[in-house]
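Trainee: Below is the file model22.txt, with compact mmCIF, C-alpha atoms.
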# COMPACT_ATOMS: atom_id res chain seq x y z
CA MET P 228 46.89 157.51 179.74
CA SER P 229 50.26 158.27 178.20
CA LEU P 230 51.77 155.95 175.64
CA ALA P 231 55.26 154.52 175.77
CA CYS P 232 55.25 154.47 171.97
CA PRO P 233 52.94 157.26 170.81
CA PRO P 234 52.00 157.17 167.13
CA GLY P 235 54.50 158.96 164.95
CA SER P 236 53.81 162.17 163.09
CA ALA P 237 54.07 160.56 159.65
CA ALA P 238 50.49 159.32 159.80
CA PRO P 239 47.51 159.67 162.13
CA PRO P 240 46.84 156.69 164.37
CA VAL P 241 44.41 154.04 163.20
CA ARG P 242 44.01 152.67 166.70
CA ALA P 243 46.68 153.75 169.15
CA ALA P 244 47.37 150.89 171.54
CA ASP P 245 48.11 151.62 175.18
CA SER P 246 51.75 150.58 175.25
CA SER P 247 52.59 152.16 178.60
CA TRP P 248 53.06 148.57 179.80
CA PHE P 249 56.36 148.52 177.91
CA ASP P 250 57.77 151.48 179.83
CA ARG P 251 56.68 149.91 183.10
CA ALA P 252 58.22 146.57 182.18
CA LEU P 253 61.55 148.10 181.22
CA ALA P 254 61.54 150.22 184.38
CA ALA P 255 61.65 147.03 186.44
CA ARG P 256 65.35 146.78 185.46
CA ARG P 257 65.31 143.02 185.24
CA PRO P 258 65.32 140.80 182.18
CA LEU P 259 61.89 140.27 180.64
CA VAL P 260 60.87 136.81 179.52
CA MET P 261 58.95 136.46 176.25
CA GLY P 262 57.23 133.08 176.01
CA ILE P 263 56.90 131.50 172.57
CA LEU P 264 53.57 130.16 171.33
CA ASN P 265 53.69 128.76 167.80
CA VAL P 266 50.27 127.98 166.33
CA THR P 267 51.89 126.39 163.30
CA PRO P 268 52.20 122.84 161.97
CA ASP P 269 55.89 123.19 161.06
CA SER P 270 57.90 125.30 163.53
CA PHE P 271 61.32 123.78 164.17
CA SER P 272 60.82 123.07 167.87
CA ASP P 273 57.13 122.66 168.62
CA GLY P 274 55.36 122.59 165.28
CA GLY P 275 51.96 120.92 165.44
CA ARG P 276 51.73 120.87 169.24
CA PHE P 277 49.63 124.02 169.66
CA ASP P 278 47.97 124.51 166.29
CA THR P 279 44.39 124.09 167.53
CA PRO P 280 42.56 126.83 169.47
CA ASP P 281 42.14 124.67 172.58
CA ALA P 282 45.78 123.57 172.66
CA ALA P 283 46.98 127.12 172.01
CA SER P 284 44.77 128.58 174.74
CA THR P 285 45.99 125.99 177.24
CA ARG P 286 49.61 126.70 176.37
CA ALA P 287 49.08 130.48 176.56
CA ARG P 288 47.71 130.14 180.09
CA ALA P 289 50.66 127.94 181.04
CA ILE P 290 53.16 130.45 179.65
CA GLN P 291 51.56 133.18 181.75
CA ALA P 292 51.48 130.99 184.87
CA GLU P 293 55.14 130.08 184.43
CA GLY P 294 56.10 133.74 184.74
CA ALA P 295 56.38 135.17 181.24
CA ASP P 296 56.17 138.93 180.88
CA ILE P 297 55.17 138.84 177.20
CA LEU P 298 53.43 136.21 175.07
CA ASP P 299 54.76 136.00 171.50
CA ILE P 300 52.40 134.24 169.08
CA GLY P 301 53.53 133.10 165.65
CA ALA P 302 51.23 131.69 162.97
CA GLU P 303 53.82 131.14 160.23
CA SER P 304 56.98 129.15 160.73
CA THR P 305 60.04 131.37 160.43
CA ARG P 306 62.50 128.70 161.47
CA PRO P 307 65.98 129.63 160.33
CA TYR P 308 66.63 126.28 158.64
CA GLY P 309 64.59 123.43 157.25
CA ASP P 310 61.75 123.31 154.76
CA ALA P 311 59.10 125.54 156.31
CA GLN P 312 56.50 126.54 153.74
CA PRO P 313 55.50 130.20 153.39
CA VAL P 314 51.81 130.94 153.79
CA SER P 315 49.58 133.72 152.55
CA ALA P 316 48.43 136.54 154.80
CA GLU P 317 44.93 135.04 154.71
CA ALA P 318 46.16 131.61 155.83
CA GLU P 319 48.33 133.11 158.54
CA TRP P 320 45.43 135.16 159.89
CA ALA P 321 43.15 132.12 159.77
CA ARG P 322 45.53 130.41 162.20
CA LEU P 323 45.93 133.45 164.42
CA ALA P 324 42.37 134.77 164.61
CA PRO P 325 40.87 131.92 166.70
CA VAL P 326 43.71 132.13 169.23
CA LEU P 327 44.26 135.85 169.69
CA PRO P 328 41.11 136.90 171.62
CA ALA P 329 41.66 134.38 174.41
CA ALA P 330 45.35 135.25 174.62
CA VAL P 331 44.64 138.98 174.83
CA GLY P 332 41.99 138.25 177.45
CA LEU P 333 44.60 136.78 179.78
CA GLY P 334 45.93 140.26 180.48
CA ILE P 335 49.51 139.49 179.48
CA PRO P 336 50.93 141.72 176.72
CA VAL P 337 50.68 139.82 173.44
CA SER P 338 53.29 140.16 170.72
CA VAL P 339 52.60 138.88 167.21
CA ASP P 340 55.46 137.33 165.28
CA THR P 341 54.75 138.21 161.66
CA MET P 342 56.53 139.67 158.65
CA LYS P 343 53.28 140.72 156.95
CA ALA P 344 51.79 144.16 157.49
CA ALA P 345 48.26 142.96 156.73
CA VAL P 346 48.45 140.36 159.49
CA ALA P 347 50.09 142.83 161.86
CA ALA P 348 47.33 145.40 161.35
CA ARG P 349 44.55 142.89 162.03
CA ALA P 350 46.34 141.54 165.08
CA LEU P 351 46.78 145.01 166.54
CA GLU P 352 43.12 145.79 165.94
CA ALA P 353 42.32 142.57 167.84
CA GLY P 354 44.34 143.70 170.85
CA ALA P 355 47.95 142.67 170.29
CA ALA P 356 50.37 145.02 172.04
CA MET P 357 53.65 144.43 170.20
CA LEU P 358 55.04 143.37 166.83
CA ASN P 359 57.95 141.02 166.19
CA ASP P 360 59.25 141.27 162.62
CA VAL P 361 61.91 138.72 161.67
CA TRP P 362 62.87 140.88 158.70
CA GLY P 363 63.39 144.06 160.67
CA LEU P 364 60.90 146.22 158.70
CA GLN P 365 62.83 145.43 155.50
CA ARG P 366 60.59 142.81 153.87
CA ASP P 367 57.06 144.27 153.77
CA PRO P 368 57.17 147.99 152.88
CA ASP P 369 53.97 148.62 154.84
CA MET P 370 55.11 147.09 158.13
CA ALA P 371 56.78 150.23 159.46
CA ARG P 372 53.70 152.30 158.64
CA VAL P 373 51.43 149.89 160.53
CA ALA P 374 53.70 149.95 163.57
CA ALA P 375 53.85 153.74 163.50
CA GLU P 376 50.10 154.18 163.14
CA HIS P 377 49.36 151.92 166.10
CA GLY P 378 52.11 153.20 168.33
CA VAL P 379 53.31 149.82 169.60
CA PRO P 380 56.76 148.47 170.41
CA VAL P 381 58.28 146.58 167.50
CA VAL P 382 61.08 144.03 167.52
CA VAL P 383 63.50 144.63 164.66
CA MET P 384 65.39 141.40 163.94
CA HIS P 385 68.49 140.96 161.80
CA ASN P 386 68.11 138.48 158.97
CA ARG P 387 69.86 137.46 155.78
CA GLU P 388 68.72 135.75 152.59
CA THR P 389 71.92 133.70 152.42
CA VAL P 390 74.52 132.37 154.84
CA GLU P 391 78.01 133.75 154.18
CA PRO P 392 80.48 132.14 156.58
CA ASP P 393 83.32 134.58 155.86
CA ILE P 394 81.59 137.88 156.58
CA ASP P 395 82.00 139.88 159.78
CA ILE P 396 78.58 139.09 161.22
CA VAL P 397 78.69 141.82 163.86
CA THR P 398 79.32 144.50 161.25
CA ASP P 399 76.58 143.02 159.08
CA ILE P 400 74.12 143.16 161.98
CA GLU P 401 75.06 146.75 162.76
CA ARG P 402 74.53 147.84 159.15
CA PHE P 403 71.20 146.04 159.05
CA PHE P 404 70.09 147.81 162.24
CA ASP P 405 71.13 151.15 160.74
CA ARG P 406 68.89 150.51 157.72
CA SER P 407 65.98 149.36 159.85
CA LEU P 408 66.23 152.39 162.11
CA GLU P 409 66.22 154.66 159.05
CA ILE P 410 63.06 152.94 157.78
CA ALA P 411 61.46 153.28 161.20
CA ALA P 412 62.31 156.96 161.44
CA ARG P 413 60.92 157.72 157.98
CA ALA P 414 57.67 155.96 158.89
CA GLY P 415 57.35 157.92 162.11
CA ILE P 416 58.13 155.13 164.58
CA ARG P 417 59.50 156.67 167.75
CA PRO P 418 62.97 155.48 168.80
CA GLU P 419 61.58 154.37 172.16
CA CYS P 420 59.35 151.88 170.35
CA ILE P 421 62.26 149.92 168.85
CA VAL P 422 63.69 146.69 170.25
CA LEU P 423 66.71 145.20 168.47
CA ASP P 424 67.29 141.47 167.97
CA PRO P 425 70.50 140.10 166.37
CA GLY P 426 68.56 137.17 164.91
CA ILE P 427 70.41 134.17 166.28
CA GLY P 428 70.38 131.36 163.72
CA PHE P 429 68.87 133.43 160.92
CA GLY P 430 71.23 133.72 157.94
CA LYS P 431 74.12 132.69 160.17
CA THR P 432 76.37 129.73 160.71
CA PRO P 433 76.47 128.29 164.24
CA ALA P 434 79.84 129.99 164.68
CA GLN P 435 78.38 133.35 163.64
CA SER P 436 75.49 132.88 166.07
CA LEU P 437 77.97 132.26 168.87
CA THR P 438 79.87 135.39 167.86
CA ALA P 439 76.70 137.49 167.87
CA ILE P 440 75.87 136.31 171.39
CA ALA P 441 79.43 136.71 172.68
CA ARG P 442 79.63 140.26 171.29
CA LEU P 443 76.07 141.24 172.14
CA ALA P 444 77.24 144.17 174.26
CA GLU P 445 78.46 145.91 171.11
CA PHE P 446 74.86 146.39 170.00
CA THR P 447 74.06 148.48 173.07
CA VAL P 448 75.56 151.45 171.21
CA PHE P 449 72.20 151.82 169.47
CA GLY P 450 70.62 152.79 172.78
CA ARG P 451 67.65 150.45 172.38
CA PRO P 452 66.64 147.38 174.41
CA LEU P 453 68.11 144.16 173.08
CA LEU P 454 66.06 141.00 172.63
CA ILE P 455 67.74 137.63 172.23
CA GLY P 456 65.97 134.62 170.73
CA LEU P 457 68.31 131.66 171.02
CA SER P 458 66.08 129.02 172.58
CA ARG P 459 66.91 125.50 171.31
CA LYS P 460 68.79 126.89 168.30
CA ARG P 461 71.24 124.90 166.19
CA PHE P 462 74.39 126.58 167.55
CA ILE P 463 73.78 124.65 170.78
CA ASP P 464 73.89 121.38 168.87
CA ALA P 465 77.14 122.49 167.23
CA VAL P 466 78.75 122.92 170.65
CA SER P 467 77.11 119.98 172.43
CA PRO P 468 75.23 117.67 170.05
CA ALA P 469 71.63 117.15 171.11
CA ALA P 470 68.18 116.89 169.59
CA VAL P 471 66.04 120.02 169.67
CA GLU P 472 64.09 118.86 172.72
CA ARG P 473 67.32 118.27 174.67
CA ARG P 474 68.85 121.75 174.36
CA LEU P 475 67.49 123.28 177.55
CA GLY P 476 70.85 123.41 179.30
CA GLY P 477 72.51 125.15 176.39
CA SER P 478 69.60 127.56 176.08
CA LEU P 479 69.80 128.53 179.75
CA ALA P 480 73.58 128.98 179.64
CA ALA P 481 73.43 131.16 176.54
CA ASN P 482 70.53 133.24 177.85
CA LEU P 483 72.35 133.94 181.12
CA ALA P 484 75.41 135.02 179.13
CA ALA P 485 73.25 137.23 176.91
CA VAL P 486 71.60 138.90 179.89
CA ALA P 487 75.02 139.55 181.42
CA ALA P 488 76.00 141.19 178.12
CA GLY P 489 72.98 143.48 178.08
CA ALA P 490 69.93 141.61 176.77
CA ARG P 491 66.73 143.04 178.26
CA ILE P 492 64.31 140.48 176.77
CA VAL P 493 64.85 136.75 176.29
CA ARG P 494 62.51 134.91 173.94
CA VAL P 495 62.15 131.29 175.05
CA HIS P 496 60.19 128.06 174.79
CA ASP P 497 60.99 126.91 178.34
CA VAL P 498 59.51 129.72 180.40
CA PHE P 499 59.50 128.24 183.91
CA GLU P 500 63.11 127.07 183.72
CA THR P 501 64.29 130.38 182.27
CA VAL P 502 62.48 132.45 184.90
CA GLN P 503 63.98 130.26 187.62
CA ALA P 504 67.50 130.55 186.19
CA LEU P 505 67.24 134.33 185.93
CA ARG P 506 65.92 134.65 189.48
CA VAL P 507 68.72 132.50 190.91
CA ALA P 508 71.34 134.42 188.94
CA ALA P 509 69.92 137.72 190.22
CA ALA P 510 69.87 136.42 193.81
CA LEU P 511 73.50 135.33 193.57
CA GLU P 512 74.48 138.73 192.21
CA ALA P 513 72.61 140.48 195.02
CA ALA P 514 74.30 138.28 197.63
CA ARG P 515 77.82 139.37 196.65
Re-express the file's structure as structure tokens.
Mentor:
Amino acid sequence: MSLACPPGSAAPPVRAADSSWFDRALAARRPLVMGILNVTPDSFSDGGRFDTPDAASTRARAIQAEGADILDIGAESTRPYGDAQPVSAEAEWARLAPVLPAAVGLGIPVSVDTMKAAVAARALEAGAAMLNDVWGLQRDPDMARVAAEHGVPVVVMHNRETVEPDIDIVTDIERFFDRSLEIAARAGIRPECIVLDPGIGFGKTPAQSLTAIARLAEFTVFGRPLLIGLSRKRFIDAVSPAAVERRLGGSLAANLAAVAAGARIVRVHDVFETVQALRVAAALEAAR
């Protein structure tokens, strides 16, 4: 079976995953929905709700039933603000390992949200089909190699160590993507394996997050699918003040705008509502 993201020539494959699912998914020419499953005690939106194997398994099944195309599992909080505590690779894997087999067994492609190459490698060996790196291959020097060896799609997300309100955030994102794509190419990651994410809320003011969404179409020049992860983020509260659990309306509005601007994948907490909104929007467009 051919691979959508065959292992690069820089290194022989350790275990080449069958990522032809990614080509098939993109060929559908509709937005893909990535459902979020945080098995952490401290994620900004749902920390502590799904951090036991039983709770995580139940939520994974629900995400699939609600219509998600991809299940994204995170075992370390990467929330863009707050006091999340970093964890070791061993601790992160200890959270992920009990959950991953059941999730993979559901038959839905599983993405692992990690910035650590050691965790990524073990997750891919356990059957994960995609990587989601919130530091865009620029934090762990081995992450690009792991992605290349396994031949899986990888989400490259823009991030910043500090928030600088006066910078041109679009230019900053573009330069970051250029660096990440250079790293990927040197490691042997095929261009067709790369998904770009502007990193809404990460190293950005609410105003900069709004700008990144509003100007999302400018990132299509890279020729790679765009993922947007804006679910329940703080920029919504800046526009229409609401607690995290009351930001569904803002999330849906922003995701519909992002899809109209070219986003191919939306990463969300509220899967059913997002799938419904996208289907209605598509039906209205078709009825014109």
Trainee: Counting only C-alpha atoms, what is within 6 Å of Asn359 of chain P, bar same-chain residues fewer than 3 positions away, as a ChimeraX atom specification?
Mentor: /P:339-340,381-382
Trainee: Measuring between all atoms listed in the file, which one of P:Gly489, P:Gly332, P:Pro425, P:Gly477 shows the shortest distance to Arg402 of chain P?
Mentor: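 Among the listed residues, P:Pro425 lies closest to Arg402 of chain P.
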Trainee: Which of these, P:Glu388, P:Asp395, P:Glu500, P:Asp296, has the shortest distance to Trp362 of chain P once you count only C-alpha atoms?
Mentor: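 Once distances to Trp362 of chain P are computed over only C-alpha atoms, the minimum belongs to P:Glu388.
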Trainee: Give me, as a Markdown table, the closest atom pair and its distance (Å, one decimal) for every residue of segment 316-415 of chain P within a cut-off of 9 Å of segment 245-262 of chain P, counting all atoms listed in the file, rows sorted by chain and rising number.
Mentor:
| residue | atom | partner | partner_atom | distance |
| --- | --- | --- | --- | --- |
| P:Pro336 | CA | P:Trp248 | CA | 7.8 |
| P:Ser338 | CA | P:Met261 | CA | 8.7 |
| P:Ala356 | CA | P:Ser246 | CA | 6.6 |
| P:Met357 | CA | P:Ser246 | CA | 8.2 |
| P:Gly378 | CA | P:Ser246 | CA | 7.4 |
| P:Val379 | CA | P:Ser246 | CA | 5.9 |
| P:Pro380 | CA | P:Ser246 | CA | 7.3 |
Trainee: Hey, can you check how far atom CA of Ala321 of chain P sits from atom CA of Arg286 of chain P?
Mentor: 18.6 Å
Trainee: Restricting the calculation to all atoms listed in the file: of P:Met342, P:Ala485, P:Ala490, P:Ala510, which residue gets closest to Pro452 of chain P?
Mentor: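 Closest candidate: P:Ala490.
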Trainee: Which value, in Å to one decimal, gives the distance between atom CA of Glu303 of chain P and atom CA of Arg459 of chain P?
Mentor: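 It comes out at 18.1 Å.
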Trainee: Grab the atom CA of Ala481 of chain P to atom CA of Ile463 of chain P distance for me, in Å with one decimal place.
Mentor: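 About the pair atom CA of Ala481 of chain P and atom CA of Ile463 of chain P: they are 8.7 Å apart.
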Trainee: Could you check which of P:Lys460, P:Lys343, P:Arg474, P:Arg417 is closest to Ala375 of chain P, using all atoms listed in the file?
Mentor: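 Residue with the minimum atom-to-atom distance to Ala375 of chain P: P:Arg417.
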Trainee: Tell me, as a list in words, which residues lie within 12 Å of Ala441 of chain P, counting all atoms listed in the file; anything in the same chain fewer than 3 positions away does not count.
Mentor: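 Contacts, in chain order: Ile396, Val397, Pro425, Ile427, Ala434, Gln435, Ser436, Leu437, Thr438, Ala444, Glu445, Phe446, Ile455, Ala480, Ala481, Asn482, Leu483, Ala484, Ala485, Val486, Ala487, Ala488, Gly489 and Ala490 of chain P.
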Trainee: With distances taken over only C-alpha atoms, which residue among P:Arg288, P:Arg506, P:Arg494, P:Arg372 lies nearest Ile416 of chain P?
Mentor: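 Residue with the minimum atom-to-atom distance to Ile416 of chain P: P:Arg372.
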Trainee: Saving segment 411-425 of chain P with N, CA and C atoms, as a PDB file, in the first residue's frame, what would that file be?
Mentor:
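Final output, decode-v3.pdb:
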ATOM      1  N   ALA P 411      12.488  20.507   8.369  1.00  0.00           N
ATOM      2  CA  ALA P 411      11.814  19.311   7.857  1.00  0.00           C
ATOM      3  C   ALA P 411      12.520  18.768   6.627  1.00  0.00           C
ATOM      4  N   ALA P 412      12.892  19.652   5.727  1.00  0.00           N
ATOM      5  CA  ALA P 412      13.555  19.215   4.499  1.00  0.00           C
ATOM      6  C   ALA P 412      14.905  18.573   4.797  1.00  0.00           C
ATOM      7  N   ARG P 413      15.666  19.160   5.715  1.00  0.00           N
ATOM      8  CA  ARG P 413      16.971  18.595   6.067  1.00  0.00           C
ATOM      9  C   ARG P 413      16.835  17.214   6.693  1.00  0.00           C
ATOM     10  N   ALA P 414      15.752  17.008   7.433  1.00  0.00           N
ATOM     11  CA  ALA P 414      15.538  15.713   8.085  1.00  0.00           C
ATOM     12  C   ALA P 414      14.995  14.666   7.125  1.00  0.00           C
ATOM     13  N   GLY P 415      14.517  15.103   5.979  1.00  0.00           N
ATOM     14  CA  GLY P 415      13.964  14.164   5.014  1.00  0.00           C
ATOM     15  C   GLY P 415      12.458  14.026   5.076  1.00  0.00           C
ATOM     16  N   ILE P 416      11.771  14.936   5.771  1.00  0.00           N
ATOM     17  CA  ILE P 416      10.306  14.913   5.780  1.00  0.00           C
ATOM     18  C   ILE P 416       9.806  15.423   4.438  1.00  0.00           C
ATOM     19  N   ARG P 417       8.950  14.651   3.805  1.00  0.00           N
ATOM     20  CA  ARG P 417       8.404  15.057   2.519  1.00  0.00           C
ATOM     21  C   ARG P 417       7.482  16.265   2.687  1.00  0.00           C
ATOM     22  N   PRO P 418       7.465  17.176   1.716  1.00  0.00           N
ATOM     23  CA  PRO P 418       6.566  18.336   1.816  1.00  0.00           C
ATOM     24  C   PRO P 418       5.109  17.945   2.010  1.00  0.00           C
ATOM     25  N   GLU P 419       4.691  16.843   1.396  1.00  0.00           N
ATOM     26  CA  GLU P 419       3.290  16.435   1.497  1.00  0.00           C
ATOM     27  C   GLU P 419       2.911  15.938   2.888  1.00  0.00           C
ATOM     28  N   CYS P 420       3.892  15.796   3.758  1.00  0.00           N
ATOM     29  CA  CYS P 420       3.624  15.364   5.132  1.00  0.00           C
ATOM     30  C   CYS P 420       3.376  16.531   6.080  1.00  0.00           C
ATOM     31  N   ILE P 421       3.577  17.755   5.627  1.00  0.00           N
ATOM     32  CA  ILE P 421       3.537  18.915   6.507  1.00  0.00           C
ATOM     33  C   ILE P 421       2.160  19.571   6.518  1.00  0.00           C
ATOM     34  N   VAL P 422       1.672  19.837   7.715  1.00  0.00           N
ATOM     35  CA  VAL P 422       0.475  20.645   7.939  1.00  0.00           C
ATOM     36  C   VAL P 422       0.910  21.863   8.746  1.00  0.00           C
ATOM     37  N   LEU P 423       0.460  23.038   8.362  1.00  0.00           N
ATOM     38  CA  LEU P 423       0.869  24.270   9.035  1.00  0.00           C
ATOM     39  C   LEU P 423      -0.246  24.815   9.921  1.00  0.00           C
ATOM     40  N   ASP P 424       0.132  25.274  11.108  1.00  0.00           N
ATOM     41  CA  ASP P 424      -0.812  25.790  12.100  1.00  0.00           C
ATOM     42  C   ASP P 424      -0.275  27.122  12.622  1.00  0.00           C
ATOM     43  N   PRO P 425      -1.021  28.219  12.488  1.00  0.00           N
ATOM     44  CA  PRO P 425      -0.517  29.524  12.940  1.00  0.00           C
ATOM     45  C   PRO P 425      -0.450  29.687  14.449  1.00  0.00           C
TER      46      PRO P 425
END
